[in-house]
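See below for input-v3.cif, which holds mmCIF, C-alpha atoms.
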data_structure
#
loop_
_atom_site.label_atom_id
_atom_site.label_comp_id
_atom_site.auth_asym_id
_atom_site.auth_seq_id
_atom_site.Cartn_x
_atom_site.Cartn_y
_atom_site.Cartn_z
CA MET A 1 -23.48 16.87 5.45
CA LYS A 2 -21.29 19.86 4.73
CA LYS A 3 -18.11 19.49 2.67
CA ILE A 4 -15.19 20.85 4.67
CA LYS A 5 -12.33 20.50 2.22
CA ASN A 6 -11.68 19.44 -1.36
CA TYR A 7 -8.41 18.58 -3.06
CA VAL A 8 -7.80 17.62 -6.71
CA TYR A 9 -4.71 15.70 -7.84
CA LYS A 10 -3.84 15.12 -11.49
CA ILE A 11 -2.21 11.86 -12.56
CA GLN A 12 -0.37 11.30 -15.84
CA LYS A 13 -0.47 8.19 -18.00
CA ASN A 14 2.60 5.91 -17.63
CA ASP A 15 4.15 8.21 -14.99
CA PHE A 16 5.85 5.35 -13.14
CA THR A 17 8.50 7.69 -11.71
CA ASN A 18 5.92 9.49 -9.59
CA ALA A 19 3.74 6.45 -8.88
CA GLY A 20 2.36 6.77 -5.37
CA LYS A 21 3.24 10.44 -4.91
CA VAL A 22 -0.37 11.60 -4.97
CA SER A 23 -1.42 8.95 -2.44
CA SER A 24 1.48 9.94 -0.22
CA GLU A 25 0.24 13.55 -0.33
CA ILE A 26 -3.33 12.43 0.41
CA LYS A 27 -2.10 10.42 3.38
CA LYS A 28 -0.11 13.36 4.74
CA THR A 29 -3.14 15.65 4.34
CA LEU A 30 -5.37 13.23 6.27
CA LYS A 31 -2.74 12.84 8.98
CA LYS A 32 -2.48 16.61 9.35
CA ILE A 33 -6.25 16.88 9.77
CA GLY A 34 -5.99 14.21 12.46
CA PHE A 35 -8.11 11.28 11.30
CA ASN A 36 -8.01 7.86 12.95
CA LYS A 37 -5.05 5.73 11.74
CA LEU A 38 -7.23 2.96 10.32
CA ILE A 39 -9.39 5.40 8.36
CA ILE A 40 -6.24 6.99 6.93
CA ARG A 41 -4.84 3.59 5.99
CA GLU A 42 -8.01 2.50 4.18
CA THR A 43 -8.22 5.80 2.29
CA ALA A 44 -4.52 5.53 1.39
CA VAL A 45 -5.00 1.99 0.01
CA ILE A 46 -7.97 3.10 -2.13
CA SER A 47 -6.02 6.09 -3.38
CA TYR A 48 -2.82 4.15 -4.09
CA GLU A 49 -4.56 1.33 -5.98
CA SER A 50 -6.52 3.93 -7.98
CA GLU A 51 -3.42 5.98 -8.72
CA MET A 52 -1.63 2.87 -9.99
CA ASN A 53 -4.67 1.95 -12.12
CA ILE A 54 -4.70 5.41 -13.73
CA ILE A 55 -0.95 5.26 -14.44
CA ILE A 56 -1.01 1.68 -15.73
CA HIS A 57 -4.29 1.40 -17.61
CA SER A 58 -5.61 4.85 -18.55
CA ASP A 59 -4.82 7.89 -20.68
CA GLY A 60 -4.43 9.94 -17.48
CA GLY A 61 -6.89 11.12 -14.90
CA LEU A 62 -7.43 12.61 -11.48
CA ILE A 63 -8.29 11.85 -7.88
CA GLU A 64 -10.52 14.25 -5.99
CA LEU A 65 -10.44 13.97 -2.21
CA GLY A 66 -13.47 15.30 -0.37
CA ILE A 67 -13.55 15.77 3.40
CA TYR A 68 -17.00 15.96 4.98
CA GLU A 69 -18.11 16.12 8.60
CA ASP A 70 -19.14 12.46 8.49
CA LYS A 71 -17.21 10.90 5.60
CA ILE A 72 -14.23 10.95 3.26
CA THR A 73 -14.88 10.63 -0.47
CA LEU A 74 -12.53 9.74 -3.29
CA PHE A 75 -13.76 10.59 -6.77
CA ILE A 76 -11.49 8.86 -9.26
CA LYS A 77 -11.81 9.72 -12.92
CA ASP A 78 -9.76 8.80 -15.95
CA PHE A 79 -9.97 9.81 -19.60
CA GLY A 80 -10.24 6.39 -21.21
CA PRO A 81 -10.03 3.94 -22.81
CA GLY A 82 -12.50 2.45 -20.29
CA ILE A 83 -13.00 -1.03 -18.89
CA GLU A 84 -14.51 -3.47 -21.37
CA ASP A 85 -16.02 -5.86 -18.83
CA ILE A 86 -16.41 -4.39 -15.32
CA GLU A 87 -17.59 -7.67 -13.80
CA LEU A 88 -14.47 -9.43 -15.05
CA ALA A 89 -12.22 -6.56 -13.89
CA MET A 90 -13.76 -6.85 -10.42
CA THR A 91 -12.78 -10.54 -10.23
CA GLU A 92 -9.83 -11.17 -7.92
CA GLY A 93 -6.85 -12.32 -9.95
CA TYR A 94 -8.02 -11.00 -13.34
CA SER A 95 -5.52 -8.58 -14.84
CA THR A 96 -4.57 -7.13 -18.21
CA ALA A 97 -1.32 -5.68 -16.87
CA THR A 98 1.93 -5.97 -18.83
CA SER A 99 5.14 -7.61 -17.61
CA LYS A 100 6.62 -4.13 -16.91
CA VAL A 101 3.78 -3.47 -14.49
CA ARG A 102 4.28 -6.86 -12.84
CA GLU A 103 7.93 -6.00 -12.31
CA LEU A 104 6.72 -3.06 -10.22
CA GLY A 105 4.83 -5.46 -7.98
CA PHE A 106 1.40 -4.71 -9.43
CA GLY A 107 -0.88 -6.43 -11.91
CA ALA A 108 -2.05 -9.16 -9.55
CA GLY A 109 -5.65 -8.40 -10.41
CA MET A 110 -6.39 -7.25 -6.88
CA GLY A 111 -6.68 -3.50 -7.44
CA LEU A 112 -10.40 -2.96 -8.02
CA PRO A 113 -11.54 -5.68 -5.57
CA ASN A 114 -9.26 -4.11 -2.97
CA ILE A 115 -10.65 -0.62 -3.60
CA LYS A 116 -14.17 -2.01 -3.15
CA LYS A 117 -13.18 -3.87 0.03
CA CYS A 118 -11.74 -0.75 1.65
CA SER A 119 -14.76 1.39 0.69
CA ASP A 120 -17.98 1.61 2.70
CA LYS A 121 -19.72 2.68 -0.51
CA PHE A 122 -18.36 1.91 -3.97
CA ILE A 123 -19.70 2.92 -7.38
CA ILE A 124 -17.94 2.20 -10.68
CA LYS A 125 -19.00 3.32 -14.16
CA SER A 126 -17.09 2.92 -17.37
CA ASN A 127 -17.41 3.55 -21.09
CA ASN A 128 -14.89 4.19 -23.88
CA LYS A 129 -14.45 7.81 -22.73
CA GLY A 130 -13.22 6.74 -19.31
CA THR A 131 -13.89 5.22 -15.93
CA ILE A 132 -15.34 6.85 -12.83
CA ILE A 133 -15.12 5.43 -9.32
CA GLU A 134 -16.85 6.99 -6.34
CA SER A 135 -15.55 5.61 -3.09
CA THR A 136 -16.85 6.65 0.32
CA ILE A 137 -15.44 5.95 3.77
CA PHE A 138 -17.81 6.80 6.60
CA LEU A 139 -16.22 8.21 9.70
CA GLU A 140 -18.59 6.62 12.21
CA MET B 1 11.90 -9.36 18.19
CA LYS B 2 14.40 -6.53 17.88
CA ILE B 3 15.72 -5.46 14.48
CA ILE B 4 19.25 -6.24 15.62
CA ARG B 5 18.25 -9.88 16.24
CA ILE B 6 16.62 -10.09 12.80
CA LYS B 7 19.85 -8.79 11.29
CA GLU B 8 21.86 -11.40 13.20
CA LEU B 9 19.59 -14.32 12.35
CA LEU B 10 19.41 -13.47 8.64
CA LYS B 11 22.94 -12.10 8.29
CA ALA B 12 21.26 -8.99 6.99
CA LYS B 13 22.75 -5.72 5.85
CA GLN B 14 21.10 -2.40 6.64
CA TYR B 15 20.73 0.10 3.79
CA THR B 16 19.40 3.04 5.80
CA GLU B 17 21.77 4.76 8.20
CA LYS B 18 19.50 5.58 11.12
CA ASN B 19 19.93 3.15 14.02
CA PHE B 20 16.75 1.13 14.54
CA ASP B 21 18.46 -1.84 16.20
CA ASP B 22 16.31 -1.71 19.33
CA LYS B 23 13.07 -1.33 17.45
CA ILE B 24 10.72 -4.23 18.21
CA ILE B 25 8.93 -6.08 15.40
CA ASN B 26 5.56 -7.57 16.33
CA GLY B 27 4.50 -9.22 13.08
CA ALA B 28 5.47 -9.94 9.50
CA PHE B 29 3.98 -10.33 6.04
CA ALA B 30 5.77 -11.70 2.98
CA SER B 31 4.99 -11.09 -0.69
CA ASP B 32 6.52 -9.86 -3.93
CA LEU B 33 3.16 -8.53 -5.08
CA MET B 34 2.29 -5.17 -3.63
CA SER B 35 -1.42 -5.59 -4.36
CA ASP B 36 -1.37 -8.65 -2.11
CA VAL B 37 0.28 -6.61 0.62
CA LEU B 38 -2.33 -3.90 0.18
CA THR B 39 -5.20 -6.39 0.65
CA THR B 40 -4.04 -7.14 4.16
CA ASN B 41 -4.42 -3.63 5.42
CA PHE B 42 -4.69 -4.21 9.15
CA TYR B 43 -1.25 -4.33 10.53
CA GLU B 44 -0.04 -4.55 14.05
CA GLU B 45 2.14 -1.69 15.10
CA SER B 46 5.75 -2.22 14.08
CA SER B 47 5.43 -4.91 11.46
CA ILE B 48 7.98 -5.95 8.85
CA LEU B 49 7.34 -6.46 5.15
CA ILE B 50 9.42 -9.24 3.61
CA SER B 51 9.77 -8.91 -0.16
CA GLY B 52 11.96 -9.49 -3.17
CA LEU B 53 10.72 -6.28 -4.77
CA ASN B 54 13.52 -3.73 -4.64
CA ASN B 55 12.01 -0.73 -6.45
CA PRO B 56 10.40 2.36 -4.83
CA GLN B 57 6.92 0.81 -4.92
CA VAL B 58 7.87 -1.41 -1.98
CA ILE B 59 8.47 1.75 0.07
CA ARG B 60 5.29 3.44 -1.16
CA THR B 61 3.27 0.35 -0.23
CA ALA B 62 4.83 0.26 3.23
CA GLU B 63 4.17 3.98 3.63
CA MET B 64 0.47 3.56 2.80
CA LEU B 65 0.11 0.83 5.43
CA ASP B 66 2.28 2.35 8.19
CA ILE B 67 4.79 -0.50 7.88
CA ASP B 68 8.06 0.84 9.19
CA SER B 69 10.48 -2.00 8.41
CA ILE B 70 11.28 -3.81 5.17
CA LEU B 71 13.43 -6.88 4.61
CA LEU B 72 14.60 -7.53 1.04
CA VAL B 73 15.27 -11.21 0.35
CA ARG B 74 17.17 -13.22 -2.30
CA GLY B 75 20.05 -10.74 -2.22
CA LYS B 76 18.00 -8.05 -3.94
CA LYS B 77 19.73 -4.68 -3.70
CA PRO B 78 17.53 -1.60 -3.40
CA THR B 79 17.84 1.13 -6.01
CA ASP B 80 19.21 4.52 -4.86
CA GLU B 81 15.71 5.93 -5.20
CA THR B 82 14.33 3.15 -2.99
CA VAL B 83 16.89 3.88 -0.27
CA ALA B 84 16.24 7.63 -0.48
CA MET B 85 12.49 7.09 -0.18
CA ALA B 86 12.97 4.75 2.80
CA LYS B 87 15.05 7.40 4.57
CA GLU B 88 12.50 10.10 3.81
CA ASN B 89 9.75 7.98 5.39
CA ASP B 90 11.83 6.79 8.35
CA ILE B 91 11.54 3.19 7.19
CA VAL B 92 14.31 0.77 8.13
CA LEU B 93 15.49 -1.13 5.06
CA ILE B 94 17.54 -4.30 5.49
CA GLY B 95 18.50 -7.07 3.08
CA THR B 96 19.51 -10.72 3.25
CA GLU B 97 20.98 -13.20 0.80
CA PHE B 98 18.53 -15.84 2.09
CA ASN B 99 15.44 -16.57 0.01
CA MET B 100 11.94 -15.70 1.16
CA TYR B 101 11.08 -19.21 2.39
CA LYS B 102 14.20 -19.52 4.52
CA SER B 103 13.92 -15.97 5.86
CA CYS B 104 10.29 -16.47 6.89
CA GLY B 105 11.06 -19.86 8.41
CA ILE B 106 13.90 -18.50 10.53
CA LEU B 107 11.87 -15.52 11.76
CA TYR B 108 8.76 -17.60 12.45
CA SER B 109 10.62 -20.27 14.36
CA ASN B 110 12.18 -17.53 16.46
CA GLY B 111 8.84 -16.06 17.43
CA VAL B 112 7.86 -13.52 14.76
CA LYS B 113 4.26 -14.32 13.86
CA GLY B 114 2.25 -13.36 10.79
CA ILE B 115 0.35 -10.10 10.97
CA ILE B 116 -3.30 -10.19 11.93
CA ASN B 117 -5.64 -10.64 9.02
CA GLU B 118 -8.96 -9.23 7.93
CA LYS B 119 -10.87 -11.59 10.25
CA ASN B 120 -9.35 -9.74 13.15
CA LYS B 121 -10.33 -6.34 11.80
CA LYS B 122 -13.12 -5.91 14.33
CA LEU B 123 -10.83 -6.78 17.21
CA CYS B 124 -8.18 -4.44 15.86
CA LEU B 125 -10.70 -1.60 15.60
CA GLN B 126 -11.91 -2.25 19.14
CA ASN B 127 -8.35 -2.18 20.46
CA SER B 128 -7.51 1.02 18.61
CA GLU B 129 -10.45 2.74 20.27
CA LYS B 130 -9.26 1.82 23.75
#
Write the structure described by the file as structure tokens, please.
Amino acid sequence: MKKIKNYVYKIQKNDFTNAGKVSSEIKKTLKKIGFNKLIIRETAVISYESEMNIIIHSDGGLIELGIYEDKITLFIKDFGPGIEDIELAMTEGYSTATSKVRELGFGAGMGLPNIKKCSDKFIIKSNNKGTIIESTIFLE
Amino acid sequence: MKIIRIKELLKAKQYTEKNFDDKIINGAFASDLMSDVLTTNFYEESSILISGLNNPQVIRTAEMLDIDSILLVRGKKPTDETVAMAKENDIVLIGTEFNMYKSCGILYSNGVKGIINEKNKKLCLQNSEK
């Protein structure tokens, strides 16, 4: 299916001041286009959890939002250091977050499982150069 | 239950100026962990998030999930940034000295039920299509 729109948002490492700003913009963009509320909410949760992961765990990265006729895609990429054990990171409750992150209300070890749960299709790849997540939400 | 009744029952203070007293709350969810809040992503319209987290992330989380009311418990005061963000998103922000257990107990016993969970997702989707 044809790609209608594409947006790229950069996210800085440790940028706690702006945490959630990108996801807020993504949500507003989806609202403006006129998607169903529940679809917007699921996309926003995926985006927000990913944005927090990039800020907390990575050396910076980006979220690319793709709007197709039949789906929404989120391509999430960071520039390292990568996830050592993906299976463990996908386990609910497992977290390597610091106490500062927990003070922000994150670091419960629910981020990646939650991203997977909200996605209709979920692919994760990681090595020491970074992590890539491809999340798809089908519109029908 | 109307916001004004919640404020009365919990002796709560409102931090945002806009008057939402007549706004009706249909369900509630309580947690200090935003990731836990984000896992329960099927909210009834007009739900309230009960939390002890007073930084801007509580507003961001509510914004992502279309939650338009937040109750801060344990006497937690919101930061200026939190209040500003709540105003920007038209979210009503109130706070009580009561702890989370007591706040939830009072609201529940007065008729505010927990929000629907993932098991009801299908039903929720069906209703939203009607």
For chain A against chain B, with a cut-off of 6 Å and counting all atoms listed in the file, what is the closest atom pair and its distance in Å to one decimal for every residue that makes the cut, ordered by chain and number, as JSON lines?
{"residue": "A:Arg41", "atom": "CA", "partner": "B:Leu65", "partner_atom": "CA", "distance": 5.7}
{"residue": "A:Ala44", "atom": "CA", "partner": "B:Met64", "partner_atom": "CA", "distance": 5.5}
{"residue": "A:Gly105", "atom": "CA", "partner": "B:Leu33", "partner_atom": "CA", "distance": 4.5}
{"residue": "A:Phe106", "atom": "CA", "partner": "B:Ser35", "partner_atom": "CA", "distance": 5.9}
{"residue": "A:Met110", "atom": "CA", "partner": "B:Ser35", "partner_atom": "CA", "distance": 5.8}
{"residue": "A:Asn114", "atom": "CA", "partner": "B:Thr39", "partner_atom": "CA", "distance": 5.9}
Self-check item: Separation of atom CA of Asp80 of chain B from atom CA of Leu93 of chain B, in Å and rounded to one decimal
Solution: 12.0 Å
Quiz item: Evaluating the PyMOL selection byres ((chain B and resi 4-17) around 12) on the displayed file yields which residues, as an MDAnalysis selection string?
Solution: chainID B and resid 1:3 18:26 28 48 50 54 69:112
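For the file shown, the residue list from the PyMOL selection byres ((chain A and resi 6-16) around 9) reads Lys3, Ile4, Lys5, Thr17, Asn18, Ala19, Gly20, Val22, Ile26, Glu51, Met52, Ile54, Ile55, Ile56, His57, Ser58, Asp59, Gly60, Gly61, Leu62, Ile63, Glu64, Leu65, Gly66, Ile67, Tyr68, Asp78 and Leu104 of chain A.
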Expected file contents, prior selection, C-alpha atoms, as a short mmCIF file (atom, residue, chain, number, x, y, z; two decimals), in the frame of the given file:
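Saved as part_7.cif:
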data_model
loop_
_atom_site.label_atom_id
_atom_site.label_comp_id
_atom_site.auth_asym_id
_atom_site.auth_seq_id
_atom_site.Cartn_x
_atom_site.Cartn_y
_atom_site.Cartn_z
CA LYS A 3 -18.11 19.49 2.67
CA ILE A 4 -15.19 20.85 4.67
CA LYS A 5 -12.33 20.50 2.22
CA THR A 17 8.50 7.69 -11.71
CA ASN A 18 5.92 9.49 -9.59
CA ALA A 19 3.74 6.45 -8.88
CA GLY A 20 2.36 6.77 -5.37
CA VAL A 22 -0.37 11.60 -4.97
CA ILE A 26 -3.33 12.43 0.41
CA GLU A 51 -3.42 5.98 -8.72
CA MET A 52 -1.63 2.87 -9.99
CA ILE A 54 -4.70 5.41 -13.73
CA ILE A 55 -0.95 5.26 -14.44
CA ILE A 56 -1.01 1.68 -15.73
CA HIS A 57 -4.29 1.40 -17.61
CA SER A 58 -5.61 4.85 -18.55
CA ASP A 59 -4.82 7.89 -20.68
CA GLY A 60 -4.43 9.94 -17.48
CA GLY A 61 -6.89 11.12 -14.90
CA LEU A 62 -7.43 12.61 -11.48
CA ILE A 63 -8.29 11.85 -7.88
CA GLU A 64 -10.52 14.25 -5.99
CA LEU A 65 -10.44 13.97 -2.21
CA GLY A 66 -13.47 15.30 -0.37
CA ILE A 67 -13.55 15.77 3.40
CA TYR A 68 -17.00 15.96 4.98
CA ASP A 78 -9.76 8.80 -15.95
CA LEU A 104 6.72 -3.06 -10.22
#
Quiz prompt | Nearest-residue call for Glu69 of chain A, choices A:Ile33, A:Lys21, A:Glu103, A:Gly111, using only C-alpha atoms | solution = A:Ile33
Exercise. Go ahead and compute the interatomic distance for atom CA of Leu38 of chain A and atom CA of Leu112 of chain A, in Å to one decimal.
Key: 19.5 Å
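Atom to atom, atom CA of Asp120 of chain A and atom CA of Gly107 of chain A stand 23.9 Å apart.
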Quiz item: For the file shown, what are the residues hit by the PyMOL selection byres ((chain A and resi 134-139) around 12), laid out as a PyMOL selection string?
Solution: chain A and resi 1+35-47+50+63-77+112+114-126+131-133+140
Box centre and edge lengths (Å, one decimal), axis-aligned, segment 106-116 of chain A plus 3 Å each side, as lines of an AutoDock Vina configuration file:
center_x = -6.4
center_y = -4.9
center_z = -7.4
size_x = 21.6
size_y = 14.5
size_z = 14.9
